[in-house]
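What's in run-v9.cif: mmCIF, C-alpha atoms
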data_protein
loop_
_atom_site.label_atom_id
_atom_site.label_comp_id
_atom_site.auth_asym_id
_atom_site.auth_seq_id
_atom_site.Cartn_x
_atom_site.Cartn_y
_atom_site.Cartn_z
CA MET K 1 -81.22 -3.73 -15.86
CA SER K 2 -79.60 -3.61 -19.28
CA LYS K 3 -77.47 -6.31 -20.82
CA LYS K 4 -74.31 -4.15 -20.55
CA ASP K 5 -74.91 -3.56 -16.82
CA SER K 6 -75.37 -7.28 -16.29
CA GLN K 7 -72.14 -8.06 -18.18
CA PHE K 8 -70.21 -5.46 -16.16
CA PHE K 9 -71.57 -6.82 -12.87
CA ASN K 10 -70.65 -10.41 -13.84
CA LEU K 11 -67.13 -9.39 -14.95
CA PHE K 12 -66.59 -7.30 -11.82
CA SER K 13 -67.71 -10.20 -9.60
CA LEU K 14 -65.36 -12.57 -11.43
CA VAL K 15 -62.34 -10.24 -11.02
CA LEU K 16 -63.16 -9.68 -7.37
CA GLY K 17 -63.48 -13.43 -6.76
CA ILE K 18 -60.13 -14.10 -8.45
CA LEU K 19 -58.43 -11.44 -6.27
CA VAL K 20 -59.90 -12.94 -3.09
CA ALA K 21 -58.75 -16.43 -4.16
CA ILE K 22 -55.22 -15.13 -4.85
CA ALA K 23 -55.13 -13.44 -1.40
CA ILE K 24 -56.20 -16.69 0.31
CA VAL K 25 -53.55 -18.68 -1.56
CA LEU K 26 -50.84 -16.12 -0.64
CA PHE K 27 -51.95 -16.21 3.00
CA GLY K 28 -51.73 -20.01 3.03
CA VAL K 29 -48.25 -20.02 1.44
CA ALA K 30 -47.00 -17.40 3.93
CA ARG K 31 -48.33 -19.47 6.87
CA ALA K 32 -46.68 -22.63 5.54
CA VAL K 33 -43.31 -20.94 5.01
CA GLY K 34 -43.47 -19.13 8.33
CA HIS K 35 -44.46 -22.27 10.21
CA ASN K 36 -41.36 -24.11 9.06
CA THR K 37 -38.90 -21.28 9.71
CA GLN K 38 -40.19 -19.08 12.53
CA SER K 39 -42.17 -21.12 15.06
CA VAL K 40 -39.15 -23.00 16.37
CA HIS K 41 -37.04 -19.86 16.71
CA VAL K 42 -39.77 -17.91 18.49
CA LEU K 43 -40.40 -20.65 21.02
CA GLN K 44 -36.68 -20.92 21.81
CA ASP K 45 -36.06 -17.17 22.17
CA ALA K 46 -34.97 -16.45 25.76
CA LYS K 47 -36.78 -13.10 25.93
CA TYR K 48 -40.02 -14.66 24.68
CA VAL K 49 -39.79 -17.51 27.17
CA ALA K 50 -39.11 -15.07 30.05
CA GLU K 51 -42.13 -12.93 29.08
CA VAL K 52 -44.38 -16.00 28.94
CA GLN K 53 -43.14 -17.19 32.35
CA GLU K 54 -43.80 -13.74 33.80
CA ARG K 55 -47.36 -13.68 32.41
CA ILE K 56 -48.25 -17.14 33.69
CA SER K 57 -46.60 -16.79 37.10
CA PRO K 58 -48.98 -16.58 40.06
CA LEU K 59 -50.20 -13.09 40.95
CA VAL K 60 -49.54 -13.59 44.65
CA ARG K 61 -47.18 -15.63 46.75
CA VAL K 62 -47.96 -16.67 50.28
CA ALA K 63 -45.42 -16.53 53.09
CA VAL K 64 -45.71 -19.50 55.44
CA ALA K 65 -44.60 -19.17 59.06
CA GLY K 66 -41.68 -21.39 59.92
CA GLN K 67 -40.36 -21.62 56.38
CA ASP K 68 -37.69 -19.69 54.53
CA ASN K 69 -39.52 -16.84 52.78
CA ALA K 70 -36.43 -15.05 51.46
CA ALA K 71 -37.61 -15.55 47.87
CA LEU K 72 -40.65 -13.37 48.60
CA ALA K 73 -38.61 -10.24 49.31
CA ILE K 74 -39.82 -7.19 47.42
CA LYS K 75 -37.26 -6.17 44.84
CA VAL K 76 -37.09 -2.49 43.90
CA GLU K 77 -35.66 -1.87 40.46
CA GLY K 78 -33.95 1.39 39.68
CA PRO K 79 -33.53 4.44 41.88
CA PRO K 80 -36.31 5.27 44.33
CA PRO K 81 -38.78 7.90 43.15
CA PRO K 82 -38.03 11.45 44.27
CA VAL K 83 -39.84 12.66 47.36
CA VAL K 84 -41.61 15.96 46.83
CA VAL K 85 -41.66 18.15 49.92
CA MET K 86 -43.63 21.36 49.82
CA ALA K 87 -41.90 24.44 51.21
CA MET K 88 -42.95 25.28 54.75
CA PRO K 89 -43.92 28.95 55.14
CA THR K 90 -42.31 30.95 57.94
CA THR K 91 -44.33 34.19 57.88
CA GLY K 92 -47.96 35.19 57.51
CA GLU K 93 -47.34 36.52 54.01
CA GLU K 94 -45.65 33.27 52.93
CA THR K 95 -48.54 31.29 54.41
CA TYR K 96 -51.01 33.44 52.51
CA LYS K 97 -49.12 32.98 49.23
CA ALA K 98 -48.53 29.24 49.69
CA VAL K 99 -51.95 28.24 51.02
CA CYS K 100 -54.61 30.94 51.25
CA ALA K 101 -54.13 32.70 47.91
CA THR K 102 -55.15 29.57 46.02
CA CYS K 103 -58.81 30.17 46.89
CA HIS K 104 -58.89 33.75 48.19
CA SER K 105 -57.31 35.32 45.10
CA ALA K 106 -59.93 33.75 42.77
CA GLY K 107 -62.94 33.41 45.09
CA ILE K 108 -63.11 29.62 44.79
CA ALA K 109 -65.89 27.83 46.76
CA GLY K 110 -67.31 31.08 48.08
CA ALA K 111 -64.02 32.31 49.53
CA PRO K 112 -64.01 36.10 49.88
CA LYS K 113 -61.47 37.57 47.48
CA SER K 114 -58.51 39.41 48.88
CA GLY K 115 -59.16 43.13 48.72
CA ASP K 116 -62.97 42.75 48.64
CA ARG K 117 -63.78 44.74 51.79
CA ALA K 118 -67.54 44.28 51.37
CA ASN K 119 -67.23 40.50 51.77
CA TRP K 120 -64.48 40.65 54.39
CA GLY K 121 -66.17 43.26 56.63
CA PRO K 122 -68.80 40.94 58.21
CA ARG K 123 -66.24 38.17 58.65
CA ILE K 124 -63.70 40.44 60.33
CA ALA K 125 -66.48 41.79 62.56
CA GLN K 126 -66.98 38.28 63.99
CA GLY K 127 -63.54 38.55 65.59
CA LYS K 128 -60.19 36.95 65.06
CA ASP K 129 -61.03 33.98 67.28
CA THR K 130 -63.82 32.97 64.88
CA LEU K 131 -61.57 33.52 61.86
CA TYR K 132 -58.83 31.44 63.49
CA LYS K 133 -61.29 28.66 64.32
CA HIS K 134 -62.68 28.53 60.77
CA ALA K 135 -59.20 28.61 59.24
CA VAL K 136 -57.75 25.90 61.50
CA GLN K 137 -60.75 23.57 61.88
CA GLY K 138 -62.54 24.32 58.61
CA TYR K 139 -65.99 25.73 57.98
CA THR K 140 -69.02 24.96 55.85
CA GLY K 141 -71.90 27.43 55.79
CA LYS K 142 -73.89 29.89 53.74
CA GLY K 143 -70.75 31.91 53.09
CA GLY K 144 -68.96 29.01 51.41
CA VAL K 145 -66.55 26.23 52.26
CA MET K 146 -63.26 26.60 54.10
CA PRO K 147 -61.16 23.41 54.30
CA ALA K 148 -59.26 22.89 57.54
CA LYS K 149 -55.91 24.66 57.31
CA GLY K 150 -56.66 25.50 53.69
CA GLY K 151 -56.09 21.88 52.75
CA ARG K 152 -52.51 21.81 54.13
CA PRO K 153 -52.64 19.74 57.33
CA ASP K 154 -48.83 19.77 57.49
CA ILE K 155 -48.80 23.46 58.47
CA GLY K 156 -49.01 24.31 62.16
CA ASP K 157 -51.90 26.23 63.71
CA ASP K 158 -49.64 29.18 64.53
CA MET K 159 -48.69 29.61 60.86
CA ILE K 160 -52.35 29.48 59.86
CA ARG K 161 -53.11 32.20 62.44
CA LEU K 162 -50.30 34.33 61.00
CA GLY K 163 -51.82 33.86 57.53
CA VAL K 164 -55.23 34.95 58.87
CA ASP K 165 -53.66 38.03 60.46
CA TYR K 166 -52.02 38.88 57.15
CA MET K 167 -55.34 38.55 55.26
CA VAL K 168 -57.15 40.69 57.84
CA GLU K 169 -54.54 43.42 57.39
CA LEU K 170 -54.97 43.19 53.59
CA ASN K 171 -58.72 43.61 53.81
CA LYS K 172 -59.17 46.34 56.45
#

As structure tokens, please, write out the structure in this file.
Amino acid sequence: MSKKDSQFFNLFSLVLGILVAIAIVLFGVARAVGHNTQSVHVLQDAKYVAEVQERISPLVRVAVAGQDNAALAIKVEGPPPPVVVMAMPTTGEETYKAVCATCHSAGIAGAPKSGDRANWGPRIAQGKDTLYKHAVQGYTGKGGVMPAKGGRPDIGDDMIRLGVDYMVELNK
């Protein structure tokens, strides 16, 4: 290493050390000033105190038989969340569009696609009773997976049968 490199390294180290020392002194001064002016105000702030009380409150409260447990009532803040109700189909076509088309239009999980007569032919040949049974109760086999009622247990068996009839008519 040359003498100039050594001088540069020593000077650079000295400047860096001075900057670090200045930063430490500034940090100490800021802490001292802040301690005298902010700590008291923060600890007396009502919002801060409420947040601390909420964080350190017990996670559970136990109701004891024979005592007044009115303070343990569940309080709901704001309006209740909206209840989402899915439309109930009234025809076979509506059932197909609302439930069946999800899998049968794309061929998901081995479902025969609507309009694919080659895949529907053997299934239709088994008879409507078998198709109804698989649609209502569900089916798992070499042909794929059929969830019971297409995954919509809220729909009645009669509506599912109407949806099956509609699909059979589409694929004849």

For the point (-66.0, 34.0, 50.0) in the file's frame, write as a list in words all residues with an atom no more than 9 Å away, counting all atoms listed in the file.
-> Cys103, His104, Gly107, Ile108, Ala109, Gly110, Ala111, Pro112, Lys113, Asn119, Trp120, Gly143, Gly144, Val145 and Met146 of chain K

In Å to one decimal, how far is atom CA of Ile18 of chain K from atom CA of Thr37 of chain K?
->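 Between atom CA of Thr37 of chain K and atom CA of Ile18 of chain K the gap works out to 28.8 Å.
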
Skipping near chain neighbours, those fewer than 2 positions away, what residues fall within 7 Å of segment 95-100 of chain K using only C-alpha atoms, listed as a PyMOL selection string?
-> chain K and resi 89+91-93+102-104+150+159-160+163

Rank K:Val25, K:Lys3, K:Gln44, K:Ala135 by their smallest atom-to-atom distance to Asp165 of chain K, using only C-alpha atoms, and report the top residue only.
->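 Using only C-alpha atoms, the shortest distance to Asp165 of chain K belongs to K:Ala135.
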
Quick one, how far is atom CA of Lys172 of chain K from atom CA of Arg123 of chain K?
->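 If I compute the distance from atom CA of Lys172 of chain K to atom CA of Arg123 of chain K, I get 11.0 Å.
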
Separating atom CA of Gln137 of chain K from atom CA of Arg161 of chain K, to the nearest tenth of an Å, is a gap of 11.5 Å

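Considering only C-alpha atoms, the residue among K:Ala101, K:Ala73, K:Leu170, K:Ala63 positioned nearest to Asp116 of chain K is K:Leu170.
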
Proximity to Gly121 of chain K - best of K:Val168, K:Ile24, K:Val84, K:Ala106, only C-alpha atoms =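 Going through K:Val168, K:Ile24, K:Val84, K:Ala106 one by one, the smallest distance to Gly121 of chain K is for K:Val168.
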
Would you write out, as a PyMOL selection string, every residue that the PyMOL selection byres ((chain K and resi 132) around 10) captures in this file?
-> chain K and resi 127-131+133-138+149+157-158+160-165

Point out the residue among K:Phe9, K:Ser2, K:Met167, K:Gly156 with the least atom-to-atom distance to Thr90 of chain K, counting only C-alpha atoms.
->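 With only C-alpha atoms as the atom set, the closest residue is K:Gly156.
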
Since the input lacks some atoms of segment 120-139 of chain K, please model N, CA and C atoms and print them as an mmCIF file, in the coordinates of the input.
data_model
loop_
_atom_site.group_PDB
_atom_site.id
_atom_site.type_symbol
_atom_site.label_atom_id
_atom_site.label_comp_id
_atom_site.auth_asym_id
_atom_site.auth_seq_id
_atom_site.Cartn_x
_atom_site.Cartn_y
_atom_site.Cartn_z
ATOM 1 N N TRP K 120 -65.322 40.904 53.224
ATOM 2 C CA TRP K 120 -64.480 40.650 54.390
ATOM 3 C C TRP K 120 -65.018 41.351 55.640
ATOM 4 N N GLY K 121 -65.692 42.474 55.481
ATOM 5 C CA GLY K 121 -66.170 43.260 56.630
ATOM 6 C C GLY K 121 -66.957 42.437 57.641
ATOM 7 N N PRO K 122 -68.037 41.724 57.233
ATOM 8 C CA PRO K 122 -68.800 40.940 58.210
ATOM 9 C C PRO K 122 -67.975 39.811 58.846
ATOM 10 N N ARG K 123 -67.064 39.253 58.097
ATOM 11 C CA ARG K 123 -66.240 38.170 58.650
ATOM 12 C C ARG K 123 -65.260 38.699 59.683
ATOM 13 N N ILE K 124 -64.636 39.840 59.382
ATOM 14 C CA ILE K 124 -63.700 40.440 60.330
ATOM 15 C C ILE K 124 -64.441 40.889 61.583
ATOM 16 N N ALA K 125 -65.676 41.331 61.420
ATOM 17 C CA ALA K 125 -66.480 41.790 62.560
ATOM 18 C C ALA K 125 -66.779 40.655 63.546
ATOM 19 N N GLN K 126 -66.749 39.419 63.096
ATOM 20 C CA GLN K 126 -66.980 38.280 63.990
ATOM 21 C C GLN K 126 -65.831 38.082 64.971
ATOM 22 N N GLY K 127 -64.696 38.655 64.697
ATOM 23 C CA GLY K 127 -63.540 38.550 65.590
ATOM 24 C C GLY K 127 -62.513 37.554 65.065
ATOM 25 N N LYS K 128 -61.289 37.798 65.518
ATOM 26 C CA LYS K 128 -60.190 36.950 65.060
ATOM 27 C C LYS K 128 -60.319 35.517 65.562
ATOM 28 N N ASP K 129 -60.891 35.346 66.762
ATOM 29 C CA ASP K 129 -61.030 33.980 67.280
ATOM 30 C C ASP K 129 -61.876 33.120 66.345
ATOM 31 N N THR K 130 -62.959 33.699 65.812
ATOM 32 C CA THR K 130 -63.820 32.970 64.880
ATOM 33 C C THR K 130 -63.069 32.697 63.576
ATOM 34 N N LEU K 131 -62.344 33.704 63.098
ATOM 35 C CA LEU K 131 -61.570 33.520 61.860
ATOM 36 C C LEU K 131 -60.509 32.436 62.053
ATOM 37 N N TYR K 132 -59.820 32.470 63.206
ATOM 38 C CA TYR K 132 -58.830 31.440 63.490
ATOM 39 C C TYR K 132 -59.469 30.050 63.503
ATOM 40 N N LYS K 133 -60.608 29.950 64.191
ATOM 41 C CA LYS K 133 -61.290 28.660 64.320
ATOM 42 C C LYS K 133 -61.679 28.120 62.948
ATOM 43 N N HIS K 134 -62.264 28.972 62.105
ATOM 44 C CA HIS K 134 -62.680 28.530 60.770
ATOM 45 C C HIS K 134 -61.476 28.150 59.901
ATOM 46 N N ALA K 135 -60.382 28.893 60.058
ATOM 47 C CA ALA K 135 -59.200 28.610 59.240
ATOM 48 C C ALA K 135 -58.520 27.315 59.686
ATOM 49 N N VAL K 136 -58.452 27.080 60.991
ATOM 50 C CA VAL K 136 -57.750 25.900 61.500
ATOM 51 C C VAL K 136 -58.605 24.645 61.402
ATOM 52 N N GLN K 137 -59.885 24.752 61.825
ATOM 53 C CA GLN K 137 -60.750 23.570 61.880
ATOM 54 C C GLN K 137 -61.577 23.365 60.615
ATOM 55 N N GLY K 138 -61.701 24.405 59.795
ATOM 56 C CA GLY K 138 -62.540 24.320 58.610
ATOM 57 C C GLY K 138 -63.927 24.856 58.894
ATOM 58 N N TYR K 139 -64.662 25.150 57.823
ATOM 59 C CA TYR K 139 -65.990 25.730 57.980
ATOM 60 C C TYR K 139 -66.809 25.443 56.736
#
